[in-house]
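Data file: protein.cif. Format and content: mmCIF, C-alpha atoms.
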```cif
data_entry
#
loop_
_atom_site.group_PDB
_atom_site.id
_atom_site.type_symbol
_atom_site.label_atom_id
_atom_site.label_comp_id
_atom_site.auth_asym_id
_atom_site.auth_seq_id
_atom_site.Cartn_x
_atom_site.Cartn_y
_atom_site.Cartn_z
ATOM 1 C CA MET A 77 34.668 32.541 9.979
ATOM 2 C CA THR A 78 36.774 34.803 12.193
ATOM 3 C CA LYS A 79 39.862 33.181 13.609
ATOM 4 C CA LYS A 80 40.760 33.522 17.286
ATOM 5 C CA VAL A 81 44.459 34.397 17.455
ATOM 6 C CA ALA A 82 47.096 34.105 20.171
ATOM 7 C CA PHE A 83 50.653 35.474 19.990
ATOM 8 C CA LEU A 84 53.367 33.208 21.403
ATOM 9 C CA PHE A 85 56.949 34.113 22.320
ATOM 10 C CA PRO A 86 59.788 31.562 22.669
ATOM 11 C CA GLY A 87 62.311 31.221 25.461
ATOM 12 C CA GLN A 88 65.966 30.436 25.945
ATOM 13 C CA GLY A 89 67.338 27.878 23.509
ATOM 14 C CA SER A 90 65.641 29.430 20.461
ATOM 15 C CA GLN A 91 68.556 31.799 19.800
ATOM 16 C CA ALA A 92 70.732 31.523 16.683
ATOM 17 C CA VAL A 93 73.515 33.671 15.286
ATOM 18 C CA GLY A 94 72.049 35.875 12.555
ATOM 19 C CA MET A 95 68.606 36.155 14.157
ATOM 20 C CA GLY A 96 66.717 39.314 13.253
ATOM 21 C CA LYS A 97 69.181 40.605 10.687
ATOM 22 C CA ASP A 98 66.669 40.295 7.852
ATOM 23 C CA LEU A 99 64.083 42.247 9.885
ATOM 24 C CA TYR A 100 66.659 44.911 10.744
ATOM 25 C CA GLU A 101 67.493 45.434 7.075
ATOM 26 C CA SER A 102 63.934 45.360 5.754
ATOM 27 C CA CYS A 103 61.688 46.929 8.411
ATOM 28 C CA GLU A 104 62.187 50.338 10.015
ATOM 29 C CA SER A 105 60.113 49.573 13.122
ATOM 30 C CA ALA A 106 62.172 46.419 13.771
ATOM 31 C CA LYS A 107 65.394 48.369 13.235
ATOM 32 C CA GLN A 108 64.297 50.894 15.862
ATOM 33 C CA VAL A 109 63.863 48.090 18.428
ATOM 34 C CA PHE A 110 67.422 46.854 17.875
ATOM 35 C CA ASP A 111 68.876 50.375 17.909
ATOM 36 C CA THR A 112 67.056 51.189 21.149
ATOM 37 C CA ALA A 113 68.345 47.991 22.756
ATOM 38 C CA ASP A 114 71.928 48.938 21.856
ATOM 39 C CA GLU A 115 71.442 52.379 23.371
ATOM 40 C CA VAL A 116 69.641 51.334 26.547
ATOM 41 C CA LEU A 117 71.654 48.244 27.481
ATOM 42 C CA GLY A 118 75.048 49.812 26.859
ATOM 43 C CA LYS A 119 76.167 46.894 24.749
ATOM 44 C CA THR A 120 75.810 45.989 21.110
ATOM 45 C CA ILE A 121 72.823 43.654 21.034
ATOM 46 C CA THR A 122 72.758 43.891 17.242
ATOM 47 C CA THR A 123 76.300 42.506 16.997
ATOM 48 C CA MET A 124 75.463 39.710 19.444
ATOM 49 C CA CYS A 125 72.327 38.726 17.475
ATOM 50 C CA PHE A 126 73.721 39.119 13.969
ATOM 51 C CA GLU A 127 77.338 37.982 14.389
ATOM 52 C CA GLY A 128 77.623 36.147 17.711
ATOM 53 C CA PRO A 129 79.942 34.424 18.362
ATOM 54 C CA GLU A 130 77.693 31.500 19.263
ATOM 55 C CA ASP A 131 79.492 30.751 22.554
ATOM 56 C CA ALA A 132 78.853 34.322 23.719
ATOM 57 C CA LEU A 133 75.252 34.382 22.489
ATOM 58 C CA LYS A 134 74.332 31.242 24.442
ATOM 59 C CA GLN A 135 75.549 32.693 27.751
ATOM 60 C CA THR A 136 72.405 33.403 29.771
ATOM 61 C CA VAL A 137 73.335 37.026 30.438
ATOM 62 C CA ASN A 138 73.485 37.656 26.659
ATOM 63 C CA THR A 139 70.822 35.222 25.494
ATOM 64 C CA GLN A 140 67.937 36.716 27.436
ATOM 65 C CA PRO A 141 68.104 40.370 26.258
ATOM 66 C CA SER A 142 68.989 39.206 22.737
ATOM 67 C CA ILE A 143 65.925 36.961 22.400
ATOM 68 C CA VAL A 144 63.632 39.621 23.860
ATOM 69 C CA THR A 145 65.016 42.203 21.436
ATOM 70 C CA MET A 146 64.594 39.923 18.424
ATOM 71 C CA SER A 147 61.086 38.862 19.493
ATOM 72 C CA ILE A 148 59.854 42.422 20.012
ATOM 73 C CA ALA A 149 61.409 43.413 16.678
ATOM 74 C CA ALA A 150 59.370 40.613 15.071
ATOM 75 C CA LEU A 151 56.243 41.841 16.879
ATOM 76 C CA GLU A 152 56.775 45.391 15.631
ATOM 77 C CA ALA A 153 57.418 44.146 12.088
ATOM 78 C CA LEU A 154 54.159 42.184 12.157
ATOM 79 C CA LYS A 155 52.209 45.166 13.500
ATOM 80 C CA SER A 156 53.636 47.407 10.768
ATOM 81 C CA GLN A 157 52.379 45.111 8.021
ATOM 82 C CA CYS A 158 49.304 43.287 9.348
ATOM 83 C CA ASP A 159 46.142 44.337 11.141
ATOM 84 C CA VAL A 160 45.874 41.495 13.628
ATOM 85 C CA THR A 161 44.957 41.740 17.308
ATOM 86 C CA PRO A 162 45.451 38.667 19.511
ATOM 87 C CA ALA A 163 42.797 37.495 21.935
ATOM 88 C CA TYR A 164 45.573 36.252 24.249
ATOM 89 C CA VAL A 165 49.358 36.283 24.533
ATOM 90 C CA ALA A 166 51.783 33.860 26.179
ATOM 91 C CA GLY A 167 55.518 33.311 26.374
ATOM 92 C CA HIS A 168 57.700 30.355 27.330
ATOM 93 C CA SER A 169 59.817 31.300 30.371
ATOM 94 C CA LEU A 170 61.809 34.318 29.190
ATOM 95 C CA GLY A 171 59.128 34.836 26.525
ATOM 96 C CA GLU A 172 56.640 35.812 29.231
ATOM 97 C CA TYR A 173 58.284 39.248 29.303
ATOM 98 C CA CYS A 174 57.642 39.631 25.566
ATOM 99 C CA ALA A 175 54.030 38.607 26.145
ATOM 100 C CA LEU A 176 53.736 41.377 28.735
ATOM 101 C CA VAL A 177 55.099 43.888 26.232
ATOM 102 C CA ALA A 178 52.575 42.662 23.652
ATOM 103 C CA ALA A 179 49.832 43.067 26.275
ATOM 104 C CA ASN A 180 50.931 46.687 26.900
ATOM 105 C CA SER A 181 51.642 45.795 30.512
ATOM 106 C CA MET A 182 55.376 46.522 30.339
ATOM 107 C CA ASN A 183 57.336 48.716 27.945
ATOM 108 C CA TYR A 184 60.069 47.171 25.857
ATOM 109 C CA ILE A 185 62.932 49.119 27.448
ATOM 110 C CA ASP A 186 61.968 47.990 30.962
ATOM 111 C CA ALA A 187 61.548 44.413 29.755
ATOM 112 C CA ALA A 188 65.026 44.413 28.196
ATOM 113 C CA LYS A 189 66.586 45.813 31.376
ATOM 114 C CA ALA A 190 64.725 43.321 33.569
ATOM 115 C CA VAL A 191 65.700 40.248 31.582
ATOM 116 C CA ARG A 192 69.319 41.340 31.452
ATOM 117 C CA LYS A 193 69.341 41.404 35.271
ATOM 118 C CA ARG A 194 67.349 38.162 35.328
ATOM 119 C CA GLY A 195 70.041 36.521 33.207
ATOM 120 C CA ILE A 196 72.827 37.801 35.450
ATOM 121 C CA TYR A 197 71.113 36.587 38.629
ATOM 122 C CA MET A 198 70.307 33.175 37.165
ATOM 123 C CA GLN A 199 73.870 32.729 35.935
ATOM 124 C CA GLU A 200 75.338 33.805 39.280
ATOM 125 C CA GLU A 201 73.016 31.798 41.533
ATOM 126 C CA VAL A 202 74.366 28.325 40.769
ATOM 127 C CA PRO A 203 78.034 27.785 39.805
ATOM 128 C CA ALA A 204 78.644 26.163 36.423
ATOM 129 C CA GLY A 205 78.485 22.381 36.565
ATOM 130 C CA VAL A 206 76.519 22.200 39.823
ATOM 131 C CA GLY A 207 73.103 21.926 38.190
ATOM 132 C CA GLY A 208 71.670 20.607 34.954
ATOM 133 C CA MET A 209 68.573 19.769 32.914
ATOM 134 C CA ALA A 210 67.417 16.723 30.979
ATOM 135 C CA ALA A 211 64.660 16.296 28.398
ATOM 136 C CA ILE A 212 62.580 13.162 28.989
ATOM 137 C CA MET A 213 60.999 11.779 25.819
ATOM 138 C CA GLY A 214 58.048 9.434 25.521
ATOM 139 C CA LEU A 215 56.835 9.285 29.116
ATOM 140 C CA GLU A 216 53.684 10.815 30.574
ATOM 141 C CA SER A 217 54.186 13.700 32.984
ATOM 142 C CA THR A 218 52.485 11.833 35.840
ATOM 143 C CA GLU A 219 54.944 8.957 35.397
ATOM 144 C CA ILE A 220 57.887 11.370 35.400
ATOM 145 C CA GLU A 221 56.636 13.050 38.569
ATOM 146 C CA LYS A 222 56.320 9.631 40.213
ATOM 147 C CA ALA A 223 59.803 8.527 39.072
ATOM 148 C CA ILE A 224 61.571 11.552 40.555
ATOM 149 C CA ALA A 225 59.371 12.035 43.635
ATOM 150 C CA ASP A 226 61.869 10.558 46.098
ATOM 151 C CA ILE A 227 64.975 12.190 44.620
ATOM 152 C CA PRO A 228 65.983 15.418 46.418
ATOM 153 C CA GLN A 229 66.767 18.600 44.490
ATOM 154 C CA VAL A 230 65.235 17.635 41.148
ATOM 155 C CA GLN A 231 61.844 18.629 39.717
ATOM 156 C CA VAL A 232 59.902 19.089 36.506
ATOM 157 C CA ALA A 233 61.097 22.337 34.924
ATOM 158 C CA ASN A 234 59.144 22.422 31.659
ATOM 159 C CA TYR A 235 55.903 20.753 30.695
ATOM 160 C CA ASN A 236 56.615 21.452 27.030
ATOM 161 C CA CYS A 237 54.234 19.089 25.239
ATOM 162 C CA PRO A 238 52.956 15.517 25.487
ATOM 163 C CA GLY A 239 55.996 13.277 25.338
ATOM 164 C CA GLN A 240 58.589 15.993 26.004
ATOM 165 C CA ILE A 241 59.096 17.033 29.605
ATOM 166 C CA VAL A 242 62.245 18.620 31.056
ATOM 167 C CA ILE A 243 63.569 17.946 34.550
ATOM 168 C CA SER A 244 66.015 20.222 36.356
ATOM 169 C CA GLY A 245 68.056 20.335 39.534
ATOM 170 C CA LYS A 246 71.361 19.478 41.138
ATOM 171 C CA LYS A 247 73.557 17.656 38.607
ATOM 172 C CA GLU A 248 73.717 14.264 40.313
ATOM 173 C CA SER A 249 70.008 14.406 41.187
ATOM 174 C CA GLU A 250 69.056 15.340 37.628
ATOM 175 C CA GLU A 251 71.164 12.459 36.255
ATOM 176 C CA GLN A 252 69.598 10.046 38.747
ATOM 177 C CA GLY A 253 66.163 11.333 37.790
ATOM 178 C CA ALA A 254 66.891 10.750 34.101
ATOM 179 C CA GLU A 255 67.896 7.140 34.841
ATOM 180 C CA LYS A 256 64.744 6.572 36.917
ATOM 181 C CA CYS A 257 62.624 7.917 34.043
ATOM 182 C CA LYS A 258 64.292 5.517 31.586
ATOM 183 C CA GLU A 259 63.619 2.637 33.993
ATOM 184 C CA ALA A 260 59.983 3.779 34.090
ATOM 185 C CA GLY A 261 59.717 3.490 30.313
ATOM 186 C CA ALA A 262 60.961 6.779 28.847
ATOM 187 C CA ARG A 263 62.087 6.392 25.238
ATOM 188 C CA ARG A 264 65.040 8.733 25.728
ATOM 189 C CA ALA A 265 66.588 11.025 28.347
ATOM 190 C CA VAL A 266 68.744 13.743 26.792
ATOM 191 C CA MET A 267 71.087 15.847 28.912
ATOM 192 C CA LEU A 268 70.702 19.448 27.781
ATOM 193 C CA ASN A 269 73.598 21.790 27.045
ATOM 194 C CA VAL A 270 72.492 24.588 29.371
ATOM 195 C CA SER A 271 74.377 26.766 31.828
ATOM 196 C CA GLY A 272 72.218 26.056 34.874
ATOM 197 C CA PRO A 273 69.283 24.227 36.507
ATOM 198 C CA PHE A 274 66.610 26.610 35.235
ATOM 199 C CA HIS A 275 63.130 26.551 36.764
ATOM 200 C CA SER A 276 64.230 24.625 39.826
ATOM 201 C CA ASP A 277 64.288 25.474 43.535
ATOM 202 C CA LEU A 278 68.039 26.097 43.246
ATOM 203 C CA LEU A 279 67.201 29.441 41.619
ATOM 204 C CA LYS A 280 64.925 30.835 44.326
ATOM 205 C CA GLY A 281 67.618 33.320 45.323
ATOM 206 C CA ALA A 282 67.729 34.673 41.778
ATOM 207 C CA GLY A 283 63.986 35.277 41.928
ATOM 208 C CA GLU A 284 64.351 37.196 45.185
ATOM 209 C CA LYS A 285 66.985 39.472 43.628
ATOM 210 C CA LEU A 286 64.794 39.965 40.553
ATOM 211 C CA GLU A 287 61.940 41.155 42.770
ATOM 212 C CA LYS A 288 63.929 44.289 43.634
ATOM 213 C CA VAL A 289 64.436 45.023 39.922
ATOM 214 C CA LEU A 290 60.724 44.575 39.229
ATOM 215 C CA ASP A 291 59.938 46.997 42.076
ATOM 216 C CA SER A 292 61.625 49.727 40.024
ATOM 217 C CA ILE A 293 59.671 48.981 36.835
ATOM 218 C CA GLU A 294 56.236 50.296 35.908
ATOM 219 C CA ILE A 295 53.912 47.347 35.372
ATOM 220 C CA ASN A 296 50.416 48.141 34.161
ATOM 221 C CA GLU A 297 47.220 46.170 33.883
ATOM 222 C CA PRO A 298 47.391 43.976 30.759
ATOM 223 C CA GLN A 299 45.294 45.278 27.879
ATOM 224 C CA ILE A 300 45.252 41.723 26.504
ATOM 225 C CA PRO A 301 44.979 38.726 28.867
ATOM 226 C CA TYR A 302 48.202 36.749 29.110
ATOM 227 C CA VAL A 303 48.680 33.169 30.248
ATOM 228 C CA ALA A 304 51.224 32.836 33.055
ATOM 229 C CA ASN A 305 53.813 30.038 33.112
ATOM 230 C CA VAL A 306 53.392 29.324 36.814
ATOM 231 C CA ASN A 307 49.677 28.448 36.798
ATOM 232 C CA ALA A 308 48.627 28.309 33.096
ATOM 233 C CA SER A 309 45.865 30.795 33.943
ATOM 234 C CA TYR A 310 44.774 34.070 32.377
ATOM 235 C CA ILE A 311 46.215 37.096 34.164
ATOM 236 C CA THR A 312 44.306 40.357 33.871
ATOM 237 C CA LYS A 313 45.221 42.232 37.071
ATOM 238 C CA GLN A 314 48.353 44.332 37.513
ATOM 239 C CA GLU A 315 48.955 43.240 41.105
ATOM 240 C CA ASP A 316 49.274 39.579 40.112
ATOM 241 C CA ILE A 317 52.104 40.043 37.616
ATOM 242 C CA LYS A 318 55.187 40.754 39.729
ATOM 243 C CA PRO A 319 54.713 37.871 42.209
ATOM 244 C CA LEU A 320 54.273 35.466 39.288
ATOM 245 C CA LEU A 321 57.429 36.712 37.529
ATOM 246 C CA VAL A 322 59.407 36.270 40.761
ATOM 247 C CA LYS A 323 58.022 32.763 41.317
ATOM 248 C CA GLN A 324 58.506 31.830 37.656
ATOM 249 C CA VAL A 325 62.316 31.799 37.977
ATOM 250 C CA SER A 326 62.224 28.696 40.196
ATOM 251 C CA SER A 327 58.854 27.165 39.205
ATOM 252 C CA SER A 328 57.779 24.772 36.468
ATOM 253 C CA VAL A 329 56.882 26.250 33.086
ATOM 254 C CA ARG A 330 53.400 24.873 32.400
ATOM 255 C CA TRP A 331 53.576 25.433 28.653
ATOM 256 C CA GLN A 332 51.483 22.488 27.520
ATOM 257 C CA GLN A 333 48.786 23.462 30.005
ATOM 258 C CA SER A 334 48.986 27.105 28.845
ATOM 259 C CA VAL A 335 48.388 26.162 25.211
ATOM 260 C CA GLU A 336 45.568 23.820 26.243
ATOM 261 C CA THR A 337 43.954 26.682 28.186
ATOM 262 C CA MET A 338 43.860 28.822 25.045
ATOM 263 C CA VAL A 339 42.690 25.982 22.783
ATOM 264 C CA GLU A 340 39.839 25.226 25.180
ATOM 265 C CA ASP A 341 38.865 28.895 24.960
ATOM 266 C CA GLY A 342 38.576 28.736 21.173
ATOM 267 C CA VAL A 343 42.005 29.832 19.935
ATOM 268 C CA ASP A 344 42.584 28.222 16.554
ATOM 269 C CA THR A 345 45.537 30.274 15.253
ATOM 270 C CA PHE A 346 48.868 30.643 17.033
ATOM 271 C CA ILE A 347 51.468 33.099 15.734
ATOM 272 C CA GLU A 348 54.960 32.648 17.160
ATOM 273 C CA LEU A 349 57.133 35.759 17.195
ATOM 274 C CA GLY A 350 60.841 35.302 17.809
ATOM 275 C CA PRO A 351 63.915 33.431 16.629
#
```
Take the structure from the file and write it as structure tokens.
Amino acid sequence: MTKKVAFLFPGQGSQAVGMGKDLYESCESAKQVFDTADEVLGKTITTMCFEGPEDALKQTVNTQPSIVTMSIAALEALKSQCDVTPAYVAGHSLGEYCALVAANSMNYIDAAKAVRKRGIYMQEEVPAGVGGMAAIMGLESTEIEKAIADIPQVQVANYNCPGQIVISGKKESEEQGAEKCKEAGARRAVMLNVSGPFHSDLLKGAGEKLEKVLDSIEINEPQIPYVANVNASYITKQEDIKPLLVKQVSSSVRWQQSVETMVEDGVDTFIELGP
């Protein structure tokens, strides 16, 4: 029986010092991805991925191009050794750019440049300490939405999976939201060690700046349907991509819904490519 395959690409938080070094040393096509990133971005991505230091790697401006580079290197390594074509592709937040590369909608160099700018704009938009994120464990998404509904400047950022939802927003609002979720029955509320309130309305300005970068990039019609974070729907038209990438910066990542969309359509094998 033929399996129906989807390629998945992870987002920020999956990085680790040393990522991709084994691919670099063992696979020529992966090595070319890293070498191109060093050349195009004017900074040593290979050093950042392989040696860190960790504090530098986890800065958004460095994390985003590093994860994209490592993920595309993994994709190229897979393609060089296996004959597998996905029915669909999807990426979590930052990983959506890798999905677009896998769908032949965007070339790798443009993706690396775009996410570097994306990281800069996201880091600049909200000063450190002003915003935050919290993972809510063991509470249904509808209950979380209800618990935070009356709190200004906090929202669901990531629908990751049943029982693990992330909220994001202004620091005091996010902390209040976490307390409300615990009162509503959440098993745990964990404050995340992140540099900003990602996927919240506080980052709308970063999305607007990113739009100008995307205007300068060639975006083609996907050759493989990809599932967008914003609406968990298949995207097949070129004109839909840029508005969704702009909106994605400040919108919820509907990852659980995205995976469910593919499962309902018969996908039974998921291959994750990245750190």
Inset, instruction - Compile the contact shell of segment 161-165 of chain A as a list in words: residues with an atom at most 7 Å away, counting only C-alpha atoms, same-chain residues fewer than 3 positions apart removed. - result: Lys80, Val81, Ala82, Phe83, Leu84, Ala175, Ile300, Pro301, Tyr302 and Val303 of chain A
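Distances to Gln252 of chain A were evaluated for A:Ala233, A:Val160, A:Ala210, A:Ile293 using all atoms listed in the file, and the minimum falls at A:Ala210.
What separates atom CA of Leu176 of chain A from atom CA of Asp344 of chain A is a distance of 21.1 Å.
Interatomic distance, atom CA of Gln299 of chain A to atom CA of Ile317 of chain A: 13.0 Å.
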Inset, instruction - Identify which of the residues A:Val230, A:Glu104, A:Lys222, A:Ser142 lies closest to Glu248 of chain A, counting all atoms listed in the file when measuring atom-to-atom distances. - result: A:Val230
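Atom CA of Thr218 of chain A sits 12.3 Å away from atom CA of Gly261 of chain A.
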